[in-house]
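Heads up, input22.cif below (mmCIF, C-alpha atoms):
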data_my_file
loop_
_atom_site.group_PDB
_atom_site.id
_atom_site.type_symbol
_atom_site.label_atom_id
_atom_site.label_comp_id
_atom_site.auth_asym_id
_atom_site.auth_seq_id
_atom_site.Cartn_x
_atom_site.Cartn_y
_atom_site.Cartn_z
ATOM 1 C CA MET V 241 144.221 -80.293 91.890
ATOM 2 C CA LYS V 242 146.011 -82.960 89.829
ATOM 3 C CA ILE V 243 148.773 -81.589 87.606
ATOM 4 C CA SER V 244 150.584 -83.948 85.275
ATOM 5 C CA ALA V 245 151.095 -84.340 81.569
ATOM 6 C CA SER V 246 149.623 -87.801 81.266
ATOM 7 C CA GLN V 247 148.906 -89.006 77.752
ATOM 8 C CA LEU V 248 145.644 -87.856 76.189
ATOM 9 C CA LEU V 249 144.349 -89.298 72.923
ATOM 10 C CA ALA V 250 141.522 -88.097 70.712
ATOM 11 C CA GLY V 251 141.113 -89.076 67.078
ATOM 12 C CA ASN V 252 144.301 -88.298 65.179
ATOM 13 C CA ILE V 253 145.989 -86.431 68.058
ATOM 14 C CA LEU V 254 148.148 -87.750 70.890
ATOM 15 C CA LEU V 255 149.105 -85.352 73.662
ATOM 16 C CA ARG V 256 152.044 -86.666 75.637
ATOM 17 C CA PRO V 257 154.547 -85.282 78.131
ATOM 18 C CA ILE V 258 157.251 -83.075 76.642
ATOM 19 C CA ILE V 259 160.560 -84.932 76.909
ATOM 20 C CA ALA V 260 164.229 -84.011 76.475
ATOM 21 C CA SER V 261 164.369 -85.473 72.952
ATOM 22 C CA ASP V 262 161.732 -82.911 71.871
ATOM 23 C CA LEU V 263 164.351 -80.155 72.159
ATOM 24 C CA GLU V 264 165.040 -79.923 68.421
ATOM 25 C CA HIS V 265 161.315 -79.819 67.587
ATOM 26 C CA VAL V 266 160.689 -77.101 70.176
ATOM 27 C CA TYR V 267 163.630 -75.131 68.788
ATOM 28 C CA ARG V 268 162.308 -75.514 65.228
ATOM 29 C CA GLY V 269 158.954 -74.130 66.329
ATOM 30 C CA LEU V 270 160.062 -71.393 68.676
ATOM 31 C CA SER V 271 162.676 -70.039 66.283
ATOM 32 C CA HIS V 272 160.332 -69.968 63.265
ATOM 33 C CA PRO V 273 159.255 -66.386 62.426
ATOM 34 C CA ASP V 274 155.674 -67.393 61.611
ATOM 35 C CA VAL V 275 155.257 -69.346 64.862
ATOM 36 C CA ILE V 276 156.753 -66.715 67.166
ATOM 37 C CA ARG V 277 154.990 -63.774 65.566
ATOM 38 C CA TYR V 278 152.399 -63.753 68.363
ATOM 39 C CA TYR V 279 154.235 -65.962 70.842
ATOM 40 C CA GLY V 280 156.021 -64.565 73.870
ATOM 41 C CA VAL V 281 159.443 -66.145 73.316
ATOM 42 C CA SER V 282 161.940 -66.750 70.526
ATOM 43 C CA TYR V 283 165.160 -68.753 70.472
ATOM 44 C CA GLN V 284 168.197 -68.486 68.213
ATOM 45 C CA THR V 285 169.971 -71.738 69.168
ATOM 46 C CA LEU V 286 169.270 -75.177 70.578
ATOM 47 C CA GLU V 287 171.121 -74.158 73.737
ATOM 48 C CA GLU V 288 168.840 -71.129 74.231
ATOM 49 C CA THR V 289 165.813 -73.391 73.765
ATOM 50 C CA MET V 290 166.795 -75.262 76.938
ATOM 51 C CA VAL V 291 165.231 -72.314 78.796
ATOM 52 C CA GLN V 292 161.856 -73.313 77.331
ATOM 53 C CA MET V 293 162.404 -76.991 78.141
ATOM 54 C CA ASP V 294 163.273 -76.036 81.730
ATOM 55 C CA TRP V 295 160.157 -73.833 81.886
ATOM 56 C CA TYR V 296 157.909 -76.747 80.845
ATOM 57 C CA LYS V 297 159.461 -78.903 83.583
ATOM 58 C CA GLN V 298 159.360 -76.123 86.189
ATOM 59 C CA LEU V 299 155.638 -75.471 85.620
ATOM 60 C CA GLU V 300 154.784 -79.028 86.535
ATOM 61 C CA GLU V 301 157.232 -79.219 89.456
ATOM 62 C CA GLU V 302 155.850 -75.993 90.975
ATOM 63 C CA GLY V 303 152.226 -76.876 90.218
ATOM 64 C CA SER V 304 151.796 -73.677 88.212
ATOM 65 C CA GLY V 305 150.988 -75.353 84.913
ATOM 66 C CA VAL V 306 151.362 -78.276 82.559
ATOM 67 C CA TRP V 307 152.200 -78.550 78.841
ATOM 68 C CA TRP V 308 151.960 -81.408 76.366
ATOM 69 C CA ALA V 309 153.680 -82.263 73.100
ATOM 70 C CA ILE V 310 151.118 -82.525 70.284
ATOM 71 C CA SER V 311 151.921 -85.514 68.082
ATOM 72 C CA SER V 312 150.557 -88.097 65.695
ATOM 73 C CA PRO V 313 148.655 -90.951 67.412
ATOM 74 C CA ASP V 314 151.730 -93.203 67.376
ATOM 75 C CA GLY V 315 153.927 -90.393 68.713
ATOM 76 C CA SER V 316 156.255 -90.438 65.694
ATOM 77 C CA VAL V 317 155.447 -86.960 64.327
ATOM 78 C CA PHE V 318 155.774 -83.859 66.526
ATOM 79 C CA TYR V 319 153.273 -81.111 65.596
ATOM 80 C CA GLY V 320 153.646 -78.533 68.380
ATOM 81 C CA ALA V 321 152.770 -77.981 72.023
ATOM 82 C CA CYS V 322 149.833 -76.874 74.151
ATOM 83 C CA GLY V 323 149.112 -76.458 77.783
ATOM 84 C CA PHE V 324 148.350 -74.298 80.773
ATOM 85 C CA ASN V 325 150.365 -71.826 82.781
ATOM 86 C CA ASN V 326 149.485 -69.294 85.492
ATOM 87 C CA LEU V 327 147.492 -72.057 87.138
ATOM 88 C CA SER V 328 145.818 -70.983 90.377
ATOM 89 C CA GLU V 329 144.519 -73.707 92.645
ATOM 90 C CA ILE V 330 142.858 -71.109 94.881
ATOM 91 C CA HIS V 331 140.940 -69.506 92.022
ATOM 92 C CA GLN V 332 140.578 -72.762 90.055
ATOM 93 C CA LYS V 333 141.775 -71.172 86.832
ATOM 94 C CA ALA V 334 144.596 -71.379 84.309
ATOM 95 C CA GLU V 335 145.750 -69.689 81.116
ATOM 96 C CA ILE V 336 145.827 -71.751 77.926
ATOM 97 C CA GLY V 337 148.577 -71.513 75.347
ATOM 98 C CA PHE V 338 149.595 -73.366 72.209
ATOM 99 C CA TRP V 339 151.813 -73.291 69.144
ATOM 100 C CA LEU V 340 152.098 -75.445 66.034
ATOM 101 C CA LEU V 341 154.775 -76.029 63.418
ATOM 102 C CA PRO V 342 153.679 -74.347 60.139
ATOM 103 C CA ASP V 343 153.718 -77.628 58.176
ATOM 104 C CA TYR V 344 150.631 -78.655 60.162
ATOM 105 C CA TRP V 345 148.611 -75.427 60.072
ATOM 106 C CA GLY V 346 145.056 -75.561 58.747
ATOM 107 C CA ARG V 347 144.408 -79.198 59.714
ATOM 108 C CA GLY V 348 142.338 -78.584 62.849
ATOM 109 C CA ILE V 349 145.120 -79.821 65.123
ATOM 110 C CA ILE V 350 145.075 -76.867 67.518
ATOM 111 C CA PRO V 351 141.289 -76.787 68.030
ATOM 112 C CA SER V 352 141.303 -80.560 68.640
ATOM 113 C CA SER V 353 144.249 -80.375 71.030
ATOM 114 C CA ALA V 354 142.911 -77.359 72.901
ATOM 115 C CA ARG V 355 139.474 -78.971 73.260
ATOM 116 C CA LEU V 356 141.140 -82.097 74.655
ATOM 117 C CA ILE V 357 143.156 -80.222 77.297
ATOM 118 C CA CYS V 358 140.199 -78.025 78.246
ATOM 119 C CA ASP V 359 138.062 -81.133 78.812
ATOM 120 C CA HIS V 360 140.930 -82.634 80.836
ATOM 121 C CA ALA V 361 141.303 -79.449 82.903
ATOM 122 C CA PHE V 362 137.604 -79.390 83.727
ATOM 123 C CA SER V 363 137.186 -83.104 84.466
ATOM 124 C CA GLU V 364 140.550 -84.056 86.008
ATOM 125 C CA MET V 365 142.346 -80.930 87.228
ATOM 126 C CA GLY V 366 139.581 -79.160 89.119
ATOM 127 C CA ILE V 367 139.727 -76.097 86.884
ATOM 128 C CA HIS V 368 136.648 -73.862 86.689
ATOM 129 C CA ARG V 369 137.933 -71.086 84.388
ATOM 130 C CA ILE V 370 140.350 -71.186 81.454
ATOM 131 C CA GLU V 371 141.648 -67.854 80.188
ATOM 132 C CA ALA V 372 143.363 -66.917 76.936
ATOM 133 C CA VAL V 373 145.220 -63.668 76.336
ATOM 134 C CA VAL V 374 145.399 -63.012 72.585
ATOM 135 C CA GLU V 375 147.061 -60.201 70.657
ATOM 136 C CA THR V 376 144.349 -58.294 68.778
ATOM 137 C CA ALA V 377 146.198 -58.887 65.472
ATOM 138 C CA ASN V 378 146.269 -62.685 65.936
ATOM 139 C CA ASN V 379 143.270 -63.631 63.801
ATOM 140 C CA SER V 380 144.092 -67.359 63.725
ATOM 141 C CA CYS V 381 144.077 -67.610 67.510
ATOM 142 C CA MET V 382 140.848 -65.614 67.727
ATOM 143 C CA GLN V 383 139.246 -68.135 65.345
ATOM 144 C CA VAL V 384 140.371 -70.993 67.588
ATOM 145 C CA MET V 385 138.836 -69.245 70.604
ATOM 146 C CA GLN V 386 135.534 -68.937 68.726
ATOM 147 C CA LYS V 387 135.606 -72.610 67.672
ATOM 148 C CA LEU V 388 136.104 -73.595 71.318
ATOM 149 C CA ASN V 389 133.283 -71.316 72.519
ATOM 150 C CA PHE V 390 135.541 -69.052 74.561
ATOM 151 C CA LEU V 391 133.818 -65.777 75.382
ATOM 152 C CA LEU V 392 135.568 -62.510 74.517
ATOM 153 C CA GLU V 393 135.390 -60.639 77.822
ATOM 154 C CA GLY V 394 137.169 -57.482 76.731
ATOM 155 C CA THR V 395 140.193 -55.800 75.237
ATOM 156 C CA MET V 396 143.099 -54.400 77.209
ATOM 157 C CA GLN V 397 144.234 -51.377 75.210
ATOM 158 C CA ASP V 398 147.993 -50.788 74.863
ATOM 159 C CA ALA V 399 148.566 -53.438 77.521
ATOM 160 C CA GLU V 400 152.105 -54.469 76.581
ATOM 161 C CA VAL V 401 155.126 -53.227 74.670
ATOM 162 C CA LYS V 402 156.341 -55.475 71.867
ATOM 163 C CA ASN V 403 159.072 -54.555 69.409
ATOM 164 C CA GLY V 404 159.088 -51.023 70.755
ATOM 165 C CA ARG V 405 155.375 -50.341 70.353
ATOM 166 C CA PHE V 406 152.230 -50.848 72.404
ATOM 167 C CA ILE V 407 149.956 -53.766 71.585
ATOM 168 C CA SER V 408 146.417 -54.478 72.742
ATOM 169 C CA LEU V 409 145.254 -57.831 74.074
ATOM 170 C CA HIS V 410 141.896 -59.601 74.009
ATOM 171 C CA LEU V 411 140.890 -61.553 77.111
ATOM 172 C CA TYR V 412 138.890 -64.714 76.429
ATOM 173 C CA ALA V 413 137.484 -67.183 78.948
ATOM 174 C CA LEU V 414 135.792 -70.562 79.017
ATOM 175 C CA LEU V 415 133.955 -71.676 82.139
ATOM 176 C CA ASN V 416 133.267 -75.203 83.317
ATOM 177 C CA LYS V 417 129.519 -75.285 83.468
#
Show me the file's structure as structure tokens.
Amino acid sequence: MKISASQLLAGNILLRPIIASDLEHVYRGLSHPDVIRYYGVSYQTLEETMVQMDWYKQLEEEGSGVWWAISSPDGSVFYGACGFNNLSEIHQKAEIGFWLLPDYWGRGIIPSSARLICDHAFSEMGIHRIEAVVETANNSCMQVMQKLNFLLEGTMQDAEVKNGRFISLHLYALLNK
């Protein structure tokens, strides 16, 4: 299974490796209340955000995932990030994730980026199954899953505690046919 964040280009989207100089962009995204509403982490300072940067690097080093920076085709504008974690070579599956700075919402950037990495996972990484775990209140993410033809396999009721209360999670999957 090949795991690396090589550059991927499709239309008006360039996916490239996340680099150290992306720190401020990642902080801007993962400290923004609208971005982190359904995301699993939140950072209050640039220094705290280094944990996320280390996580991106660690995924690739351990072979447990890979994430890309989503940018304009020339790489000058940073839009967000997308990628895979919980990658299992044995089971040929991974979990997809993504986030986008609010200035770029509603432009089709996430569906385009997610489609690009799913195609890459199926054709280059030896992945058979891509999973997505989505909070049941996250309507925008559920729309992306539908656009990408992910199948809703079920709902895990009260599966996690967030902000002191139980939340339910949808499980979506896309298979390489």
Test item: which residues lie within 12 Å of (133.5, -71.2, 81.8) counting only C-alpha atoms, as a ChimeraX atom specification: /V:332-334,358-359,361-362,367-372,388-393,412-417
Selection: 10 Å around stretch 346-351 of chain V, only C-alpha atoms, excl. self and same-chain fewer than 5 positions, as a list of chain:residue names: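 The neighbour list is V:Asn252, V:Ile253, V:Ile310, V:Ser311, V:Ser312, V:Tyr319, V:Gly320, V:Ala321, V:Cys322, V:Phe338, V:Trp339, V:Leu340, V:Leu356, V:Ser380, V:Cys381, V:Gln383, V:Val384, V:Met385, V:Gln386, V:Lys387, V:Leu388.
Rounded to one decimal, atom CA of V:Met382 and atom CA of V:Tyr278 lie 11.7 Å from each other.
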Å distance separating atom CA of V:Ala354 from atom CA of V:Val306, one decimal place: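 Straight-line distance from atom CA of V:Ala354 to atom CA of V:Val306 works out to 12.9 Å.
Coordinates place atom CA of V:Leu327 at a distance of 22.7 Å from atom CA of V:Thr289.
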Test item: residues at most 10 Å from V:Tyr267, all atoms listed in the file, excluding those fewer than 6 positions along its chain, as a list in words: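 So, after excluding close chain neighbours, the residues are Ser282, Tyr283, Gln284, Thr285, Leu286, Glu287, Glu288, Thr289, Met290, Gln292 and Met293 of chain V.
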Minimum-distance residue to V:Ser261, chosen among V:Tyr279, V:His331, V:Ser316, V:Pro273 (using only C-alpha atoms): V:Ser316
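In this comparison, which uses only C-alpha atoms, the residue of V:Ile336, V:Leu263, V:Met365, V:Ala377 approaching V:Trp307 most closely is V:Ile336.
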V:Glu400, V:Val266, V:Gln247, V:Gly305 ranked by distance to V:Val291, top pick (using all atoms listed in the file):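 Of the candidates, the smallest distance to V:Val291 is held by V:Val266.
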Once you add 8 Å to each side, what are the centre and edge lengths of the axis-aligned box holding all listed atoms of stretch 403-414 of chain V? One decimal in Å, as lines of an AutoDock Vina configuration file, if you can.
center_x = 147.4
center_y = -60.5
center_z = 74.2
size_x = 39.3
size_y = 36.2
size_z = 25.6
Closest of V:Ala399, V:Val373, V:Leu248, V:Ile259 to V:Gly337 - atom-to-atom distances counting all atoms listed in the file: V:Val373
Which of V:His360, V:Val275, V:Arg256, V:Glu375 sits closest to V:Val317 [using all atoms listed in the file]: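 Closest residue, counting all atoms listed in the file: V:Arg256.
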Evaluated on this file, the PyMOL selection byres ((chain V and resi 258) around 6) picks out some residues - which ones are they, written as a PDB file with C-alpha atoms, keeping the file's coordinate frame?
ATOM      1  CA  PRO V 257     154.547 -85.282  78.131  1.00  0.00           C
ATOM      2  CA  ILE V 259     160.560 -84.932  76.909  1.00  0.00           C
ATOM      3  CA  TRP V 308     151.960 -81.408  76.366  1.00  0.00           C
ATOM      4  CA  ALA V 309     153.680 -82.263  73.100  1.00  0.00           C
TER       5      ALA V 309
END
Counting all atoms listed in the file, the option among V:Glu329, V:Asn379, V:Glu301, V:Gly323 closest to V:Ile357: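 With all atoms listed in the file as the atom set, the closest residue is V:Gly323.
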Polymer residues at most 9 Å from V:Leu341, only C-alpha atoms, same-chain spacing of 4 or more positions, as a VMD selection string: chain V and resid 265 268 to 270 272 274 to 275 318 to 320 345
Picked residues, the PyMOL selection byres ((chain V and resi 395) around 8), expected as a compact mmCIF listing (two decimals) with C-alpha atoms, in the coordinates of the input:
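Now in out36.txt:
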# COMPACT_ATOMS: atom_id res chain seq x y z
CA GLU V 393 135.39 -60.64 77.82
CA GLY V 394 137.17 -57.48 76.73
CA MET V 396 143.10 -54.40 77.21
CA GLN V 397 144.23 -51.38 75.21
CA SER V 408 146.42 -54.48 72.74
CA LEU V 409 145.25 -57.83 74.07
CA HIS V 410 141.90 -59.60 74.01
CA LEU V 411 140.89 -61.55 77.11
